[in-house]
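J.: Data file input_31.cif (mmCIF, C-alpha atoms) is appended below.
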data_model
loop_
_atom_site.label_atom_id
_atom_site.label_comp_id
_atom_site.auth_asym_id
_atom_site.auth_seq_id
_atom_site.Cartn_x
_atom_site.Cartn_y
_atom_site.Cartn_z
CA MET A 975 62.02 -19.83 -58.31
CA GLY A 976 64.61 -20.98 -55.80
CA LYS A 977 66.34 -17.61 -55.67
CA LEU A 978 63.01 -15.81 -55.45
CA PHE A 979 62.10 -18.00 -52.47
CA ALA A 980 65.45 -17.18 -50.83
CA ILE A 981 64.82 -13.44 -51.30
CA VAL A 982 61.26 -13.63 -49.94
CA LEU A 983 62.42 -15.72 -46.96
CA THR A 984 65.17 -13.20 -46.16
CA VAL A 985 62.78 -10.25 -46.37
CA ILE A 986 60.20 -11.96 -44.11
CA THR A 987 62.91 -12.83 -41.59
CA LEU A 988 64.31 -9.30 -41.44
CA VAL A 989 60.90 -7.59 -41.32
CA SER A 990 59.56 -9.87 -38.57
CA THR A 991 62.77 -9.40 -36.58
CA ALA A 992 62.53 -5.61 -36.94
CA ILE A 993 58.95 -5.68 -35.65
CA PHE A 994 60.05 -7.44 -32.46
CA VAL A 995 63.14 -5.27 -32.00
CA ALA A 996 61.03 -2.12 -32.36
CA HIS A 997 58.46 -3.50 -29.83
CA THR A 998 55.69 -2.68 -32.32
CA TRP A 999 53.26 -5.09 -30.64
CA TRP A 1000 54.56 -5.47 -27.13
CA LEU A 1001 53.41 -6.07 -23.60
CA PRO A 1002 51.09 -3.63 -21.82
CA VAL A 1003 52.30 -1.63 -18.82
CA ASP A 1004 53.47 -3.72 -15.86
CA ILE A 1005 51.62 -2.92 -12.62
CA SER A 1006 52.79 -5.85 -10.46
CA ALA A 1007 55.69 -6.28 -8.05
CA HIS A 1008 56.77 -9.50 -9.77
CA GLY A 1009 56.24 -8.29 -13.35
CA HIS A 1010 59.80 -7.08 -13.93
CA ALA A 1011 61.15 -10.61 -13.39
CA ILE A 1012 58.67 -12.05 -15.90
CA ASP A 1013 59.45 -9.34 -18.45
CA HIS A 1014 63.18 -9.93 -18.02
CA GLN A 1015 62.75 -13.66 -18.51
CA LEU A 1016 60.57 -13.08 -21.57
CA LEU A 1017 63.21 -10.76 -23.05
CA GLU A 1018 65.92 -13.39 -22.53
CA THR A 1019 63.71 -15.98 -24.22
CA MET A 1020 62.95 -13.70 -27.17
CA VAL A 1021 66.61 -12.76 -27.66
CA SER A 1022 68.02 -16.28 -27.46
CA SER A 1023 65.30 -17.89 -29.59
CA GLY A 1024 65.33 -14.89 -31.93
CA ILE A 1025 69.03 -15.27 -32.64
CA LEU A 1026 68.57 -18.95 -33.51
CA PHE A 1027 65.54 -18.08 -35.65
CA VAL A 1028 67.40 -15.44 -37.67
CA LEU A 1029 70.50 -17.58 -38.15
CA SER A 1030 68.52 -20.65 -39.21
CA GLN A 1031 66.31 -18.73 -41.65
CA LEU A 1032 69.23 -16.87 -43.21
CA ALA A 1033 71.18 -20.15 -43.49
CA LEU A 1034 68.18 -21.74 -45.21
CA ALA A 1035 67.94 -18.80 -47.61
CA LEU A 1036 71.68 -19.06 -48.37
CA PHE A 1037 71.50 -22.79 -49.05
CA VAL A 1038 68.49 -22.32 -51.36
CA TRP A 1039 70.21 -19.46 -53.21
CA ARG A 1040 73.47 -21.38 -53.74
CA SER A 1041 71.71 -24.52 -54.96
CA SER A 1042 69.27 -22.85 -57.35
CA GLY A 1043 69.57 -23.01 -61.11
CA ASP A 1044 73.30 -22.63 -61.77
CA GLY A 1045 74.02 -26.24 -62.73
CA ARG A 1046 76.51 -26.80 -59.92
CA GLN A 1047 76.59 -30.15 -58.21
CA VAL A 1048 74.99 -30.12 -54.80
CA LYS A 1049 77.53 -30.95 -52.12
CA THR A 1050 76.71 -33.42 -49.38
CA PHE A 1051 77.27 -32.45 -45.77
CA PRO A 1052 79.97 -34.70 -44.24
CA GLY A 1053 78.24 -37.70 -42.72
CA GLY A 1054 74.91 -36.92 -44.38
CA VAL A 1055 71.98 -35.29 -42.63
CA THR A 1056 72.42 -37.10 -39.31
CA PRO A 1057 75.16 -34.80 -37.90
CA MET A 1058 73.12 -31.71 -38.87
CA VAL A 1059 70.03 -33.04 -37.11
CA VAL A 1060 72.06 -33.96 -34.01
CA ILE A 1061 73.67 -30.50 -33.87
CA ALA A 1062 70.29 -28.81 -34.24
CA VAL A 1063 68.73 -30.97 -31.51
CA VAL A 1064 71.65 -30.29 -29.14
CA LEU A 1065 71.56 -26.52 -29.74
CA VAL A 1066 67.80 -26.19 -29.34
CA GLY A 1067 67.73 -28.62 -26.41
CA ALA A 1068 70.48 -26.74 -24.58
CA GLU A 1069 68.61 -23.46 -25.10
CA ILE A 1070 65.34 -24.90 -23.80
CA LEU A 1071 67.01 -26.44 -20.74
CA ALA A 1072 68.83 -23.21 -19.91
CA LEU A 1073 65.64 -21.15 -20.23
CA THR A 1074 63.72 -23.73 -18.18
CA PHE A 1075 66.19 -23.62 -15.29
CA VAL A 1076 66.27 -19.82 -15.24
CA GLY A 1077 62.54 -19.42 -15.77
CA SER A 1078 61.57 -21.98 -13.13
CA LYS A 1079 62.99 -19.69 -10.43
CA VAL A 1080 60.78 -16.83 -11.59
CA TRP A 1081 57.75 -19.12 -11.83
CA ALA A 1082 58.34 -20.61 -8.39
CA GLY A 1083 58.68 -17.14 -6.89
CA ILE A 1084 55.10 -16.44 -7.94
CA TYR A 1085 53.29 -19.76 -7.70
CA GLN A 1086 55.20 -21.71 -5.05
CA SER A 1087 56.23 -19.04 -2.57
CA PRO A 1088 53.92 -18.49 0.44
CA PRO A 1089 51.71 -15.40 0.43
CA ASP A 1090 52.41 -12.48 2.74
CA PRO A 1091 50.67 -13.15 6.07
CA ASN A 1092 49.23 -9.63 5.94
CA SER A 1093 47.64 -10.18 2.53
CA LEU A 1094 44.12 -9.00 1.83
CA GLN A 1095 42.19 -12.17 1.05
CA ILE A 1096 39.53 -12.06 -1.66
CA ASP A 1097 37.41 -15.02 -2.73
CA VAL A 1098 36.78 -15.33 -6.48
CA GLN A 1099 34.00 -17.30 -8.13
CA ALA A 1100 34.01 -17.98 -11.89
CA GLU A 1101 30.98 -19.31 -13.71
CA GLN A 1102 29.44 -19.19 -17.15
CA PHE A 1103 29.96 -16.34 -17.97
CA ALA A 1104 30.94 -13.99 -15.16
CA PHE A 1105 33.33 -13.36 -12.27
CA TYR A 1106 32.25 -12.52 -8.71
CA PHE A 1107 34.47 -11.33 -5.85
CA ARG A 1108 33.84 -11.74 -2.12
CA TYR A 1109 35.36 -9.69 0.69
CA PRO A 1110 35.05 -10.36 4.43
CA GLY A 1111 32.83 -7.89 6.24
CA ALA A 1112 33.40 -6.01 9.49
CA ASP A 1113 34.15 -9.24 11.37
CA GLY A 1114 37.10 -9.94 9.08
CA ARG A 1115 35.92 -13.50 8.41
CA PHE A 1116 34.40 -15.28 5.44
CA GLY A 1117 31.19 -17.23 5.76
CA SER A 1118 31.25 -20.91 4.82
CA VAL A 1119 30.29 -21.78 1.25
CA HIS A 1120 27.68 -24.39 0.35
CA PRO A 1121 27.68 -25.23 -3.38
CA GLU A 1122 24.16 -26.64 -3.17
CA ARG A 1123 22.91 -23.21 -2.05
CA ILE A 1124 24.28 -21.31 -5.05
CA ASP A 1125 21.38 -19.43 -6.62
CA GLU A 1126 22.00 -16.75 -9.26
CA ALA A 1127 18.37 -15.66 -9.17
CA SER A 1128 18.74 -14.48 -5.57
CA GLY A 1129 22.33 -13.26 -5.99
CA ASN A 1130 23.80 -16.02 -3.83
CA TYR A 1131 26.77 -16.67 -6.11
CA PHE A 1132 28.94 -18.33 -3.44
CA GLY A 1133 26.29 -20.47 -1.76
CA LEU A 1134 26.27 -18.63 1.57
CA ASP A 1135 23.89 -19.46 4.43
CA PRO A 1136 23.42 -16.17 6.32
CA ALA A 1137 20.34 -17.50 8.14
CA ASN A 1138 22.45 -20.03 10.02
CA ASP A 1139 25.99 -18.68 9.60
CA THR A 1140 26.58 -15.33 11.30
CA THR A 1141 30.00 -14.88 9.64
CA ALA A 1142 28.32 -14.89 6.21
CA ARG A 1143 25.90 -12.07 6.98
CA ASP A 1144 28.35 -9.25 6.34
CA ASP A 1145 30.27 -10.78 3.42
CA ILE A 1146 30.54 -8.35 0.51
CA VAL A 1147 29.99 -9.80 -2.99
CA VAL A 1148 30.66 -7.60 -6.03
CA PRO A 1149 31.29 -8.02 -9.78
CA THR A 1150 34.45 -5.88 -9.78
CA LEU A 1151 37.79 -6.70 -8.16
CA GLY A 1152 38.84 -3.70 -6.09
CA MET A 1153 42.16 -3.58 -4.24
CA PRO A 1154 44.52 -1.10 -2.59
CA VAL A 1155 47.83 -0.30 -4.24
CA ASP A 1156 51.03 -1.69 -2.67
CA ARG A 1157 49.05 -4.16 -0.55
CA PRO A 1158 49.71 -7.92 -0.92
CA ILE A 1159 46.62 -9.64 -2.31
CA LEU A 1160 45.66 -13.30 -1.87
CA LEU A 1161 42.96 -14.60 -4.20
CA THR A 1162 41.22 -17.95 -3.69
CA LEU A 1163 39.86 -19.10 -7.04
CA ARG A 1164 36.76 -21.29 -7.35
CA ALA A 1165 34.86 -22.51 -10.42
CA LYS A 1166 31.17 -23.31 -10.32
CA ASP A 1167 30.83 -25.28 -13.55
CA VAL A 1168 33.71 -25.69 -16.04
CA ASN A 1169 37.32 -24.53 -16.35
CA HIS A 1170 37.79 -20.78 -16.54
CA ALA A 1171 40.84 -18.52 -16.28
CA PHE A 1172 41.91 -15.35 -14.48
CA TYR A 1173 44.03 -13.31 -16.87
CA VAL A 1174 45.22 -9.75 -16.33
CA PRO A 1175 48.12 -8.92 -18.69
CA GLU A 1176 49.07 -5.83 -16.69
CA LEU A 1177 49.51 -7.99 -13.57
CA ARG A 1178 51.48 -10.57 -15.56
CA ILE A 1179 49.16 -13.26 -14.19
CA GLN A 1180 47.19 -16.04 -15.85
CA GLN A 1181 45.74 -18.80 -13.69
CA ASP A 1182 43.09 -21.42 -14.47
CA PHE A 1183 40.06 -22.12 -12.33
CA VAL A 1184 39.39 -25.86 -11.91
CA PRO A 1185 36.01 -27.12 -10.64
CA GLY A 1186 36.35 -28.80 -7.24
CA LEU A 1187 39.63 -27.05 -6.39
CA VAL A 1188 40.31 -23.87 -4.40
CA ILE A 1189 43.42 -22.38 -6.01
CA PRO A 1190 45.43 -19.66 -4.23
CA LEU A 1191 47.02 -16.83 -6.20
CA HIS A 1192 48.96 -13.95 -4.66
CA PHE A 1193 50.47 -10.74 -6.02
CA THR A 1194 50.94 -7.03 -5.28
CA ALA A 1195 49.77 -4.24 -7.56
CA ILE A 1196 52.14 -1.25 -7.51
CA GLN A 1197 50.24 1.20 -9.70
CA THR A 1198 46.69 2.52 -9.56
CA GLY A 1199 44.33 2.13 -12.50
CA LYS A 1200 41.54 0.06 -14.01
CA HIS A 1201 42.26 -3.02 -16.12
CA GLU A 1202 40.31 -5.82 -17.73
CA ILE A 1203 40.09 -9.39 -16.40
CA VAL A 1204 39.36 -11.92 -19.12
CA CYS A 1205 38.75 -15.66 -19.26
CA THR A 1206 41.22 -17.44 -21.56
CA GLN A 1207 39.66 -20.90 -21.29
CA LEU A 1208 37.02 -21.74 -23.90
CA CYS A 1209 34.14 -22.21 -21.47
CA GLY A 1210 31.02 -22.12 -23.64
CA LEU A 1211 29.04 -20.00 -26.07
CA GLY A 1212 29.35 -16.85 -23.94
CA HIS A 1213 33.11 -17.19 -23.43
CA TYR A 1214 33.84 -14.21 -25.69
CA ASN A 1215 31.95 -11.92 -23.33
CA MET A 1216 33.25 -13.24 -20.00
CA ARG A 1217 35.20 -10.43 -18.41
CA ALA A 1218 35.34 -8.18 -15.37
CA TYR A 1219 37.57 -5.36 -14.17
CA VAL A 1220 40.25 -4.89 -11.55
CA GLU A 1221 40.46 -1.45 -9.96
CA VAL A 1222 43.65 -0.59 -8.09
CA MET A 1223 43.11 2.35 -5.73
CA THR A 1224 44.84 4.17 -2.94
CA GLN A 1225 44.17 2.78 0.54
CA ASP A 1226 41.73 5.57 1.39
CA GLN A 1227 39.87 5.16 -1.91
CA PHE A 1228 39.66 1.41 -1.40
CA ALA A 1229 38.32 1.80 2.14
CA GLN A 1230 35.58 4.10 0.87
CA TRP A 1231 34.88 1.82 -2.11
CA LEU A 1232 34.49 -1.20 0.17
CA LYS A 1233 32.25 0.78 2.53
CA ASP A 1234 30.03 1.82 -0.40
CA ARG A 1235 29.81 -1.76 -1.68
CA ALA A 1236 28.89 -3.01 1.81
CA ALA A 1237 26.06 -0.47 1.96
CA GLU A 1238 24.67 -1.85 -1.29
CA GLN A 1239 24.40 -5.43 -0.06
#
Please express the file's structure as structure tokens.

T.:
Amino acid sequence: MGKLFAIVLTVITLVSTAIFVAHTWWLPVDISAHGHAIDHQLLETMVSSGILFVLSQLALALFVWRSSGDGRQVKTFPGGVTPMVVIAVVLVGAEILALTFVGSKVWAGIYQSPPDPNSLQIDVQAEQFAFYFRYPGADGRFGSVHPERIDEASGNYFGLDPANDTTARDDIVVPTLGMPVDRPILLTLRAKDVNHAFYVPELRIQQDFVPGLVIPLHFTAIQTGKHEIVCTQLCGLGHYNMRAYVEVMTQDQFAQWLKDRAAEQ
């Protein structure tokens, strides 16, 4: 049985490695300006951890094969198991530290760098179980939000007070995130009830919404198209169906799209 286990382990290791090398199930197309850095970091992580995975699994298979059913005395590693454990901890720890230092630069470039001052700002509200997006109107300013005024029945998803706040009267609220291509975007994320998440694989972005916090998120889409936004936080019984879409358009298409949405308000 020991040799059979070694054979099965070797086959599983080689097949799983071949699947990753062939990119059988891989990332979707990258449409963001920062995506190449994330993909490069992910590739480095997969290669370094993959090498350790293959070597460790093949070594395990070899040890099992050599110690199975031939009557030979099992040899003890010099010093017992302690040196092997120490070596393994040092190797894995060094790999994790190296990947952390390299990856932290990529992460900071997305989440800790300031947004472009010319970014298009879009306010995002997440609630059970939908996303809503708010754009400033002709005055270029957002109206103030009042959580106590939120009323889904009347379509006041952000709690605006247009009767007393003139800047809120032309705000545009829609269920789809539209944006122009090659234009820096600054999202401000709000949650009405529980934790939600903004996840668009093609943008290489996943950010949680936290009730009580306004979380900024900035990026630039470099390719037109329509992609799904999904919530990756388990937020209730309707979580499975909580999604919206991001539409990346040319500047002229976006201007017309925004004009049409304003006319529908």

J.: Considering all atoms listed in the file, can you say which of A:Gly1133, A:Pro1190, A:Pro1149, A:Gly1199 comes closest to Ala1218 in chain A?

T.: A:Pro1149

J.: Restricting the calculation to only C-alpha atoms: of A:Ala1035, A:Cys1209, A:Leu1026, A:Val1220, which residue gets closest to Val982 in chain A?

T.: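 Of A:Ala1035, A:Cys1209, A:Leu1026, A:Val1220, the one nearest Val982 in chain A is A:Ala1035, counting only C-alpha atoms.
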
J.: What separation in Å, quoted to one decimal, exists between CA of Thr1140 in chain A and CA of Ala1127 in chain A?

T.: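 Going from CA of Thr1140 in chain A over to CA of Ala1127 in chain A covers 22.1 Å.
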
J.: Let me know the residues the PyMOL selection byres ((chain A and resi 1091) around 12) catches in the file above, as a ChimeraX atom specification.

T.: /A:1087-1090,1092-1095,1157-1160,1192

J.: I'd like to see the residues matched by the PyMOL selection byres ((chain A and resi 1112) around 10) on this file, and ideally I'd get them as a VMD selection string.

T.: chain A and resid 1109 to 1111 1113 to 1115 1141 1143 to 1146 1233 1236

J.: Quick check on the file I pasted: which residues fall under the PyMOL selection byres ((chain A and resi 1066) around 12)? Write them as a PyMOL selection string.

T.: chain A and resi 1022-1027+1030+1059-1065+1067-1073

J.: Padding 4 Å on every side, please: axis-aligned box over the listed atoms of range 1172-1176 of chain A, centre and edge lengths to one decimal in Å, as AutoDock Vina command-line options.

T.:
--center_x 45.5 --center_y -10.6 --center_z -16.6 --size_x 15.2 --size_y 17.5 --size_z 12.2

J.: Measuring atom to atom with all atoms listed in the file, identify which of A:Met1216, A:Gln1239, A:Leu1211, A:Leu978 is nearest to Asn1130 in chain A.

T.: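 For Asn1130 in chain A, the nearest of the candidates is A:Gln1239.
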
J.: In Å to one decimal, how far is CA of Gly1210 in chain A from CA of Leu1163 in chain A?

T.: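 Interatomic distance here is 19.0 Å.
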
J.: Between CA of Thr1150 in chain A and CA of Arg1235 in chain A, what is the distance, to one decimal in Å?

T.: 10.2 Å

J.: Rank A:Phe1075, A:Tyr1219, A:Tyr1131, A:Phe979 by their smallest atom-to-atom distance to Ala1165 in chain A, using all atoms listed in the file, and report the top residue only.

T.: A:Tyr1131

J.: Considering only C-alpha atoms, state which residue in the set A:Ile1012, A:Ile1124, A:Ser1006, A:Ala1100 is at the smallest distance from Thr1198 in chain A.

T.: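 Of all the options, A:Ser1006 lies closest to Thr1198 in chain A.
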
J.: Using only C-alpha atoms for the distances, tell me which of A:Thr1074, A:Asn1215, A:Thr1019, A:Thr987 is nearest to Leu1034 in chain A.

T.: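 Closest residue, counting only C-alpha atoms: A:Thr987.
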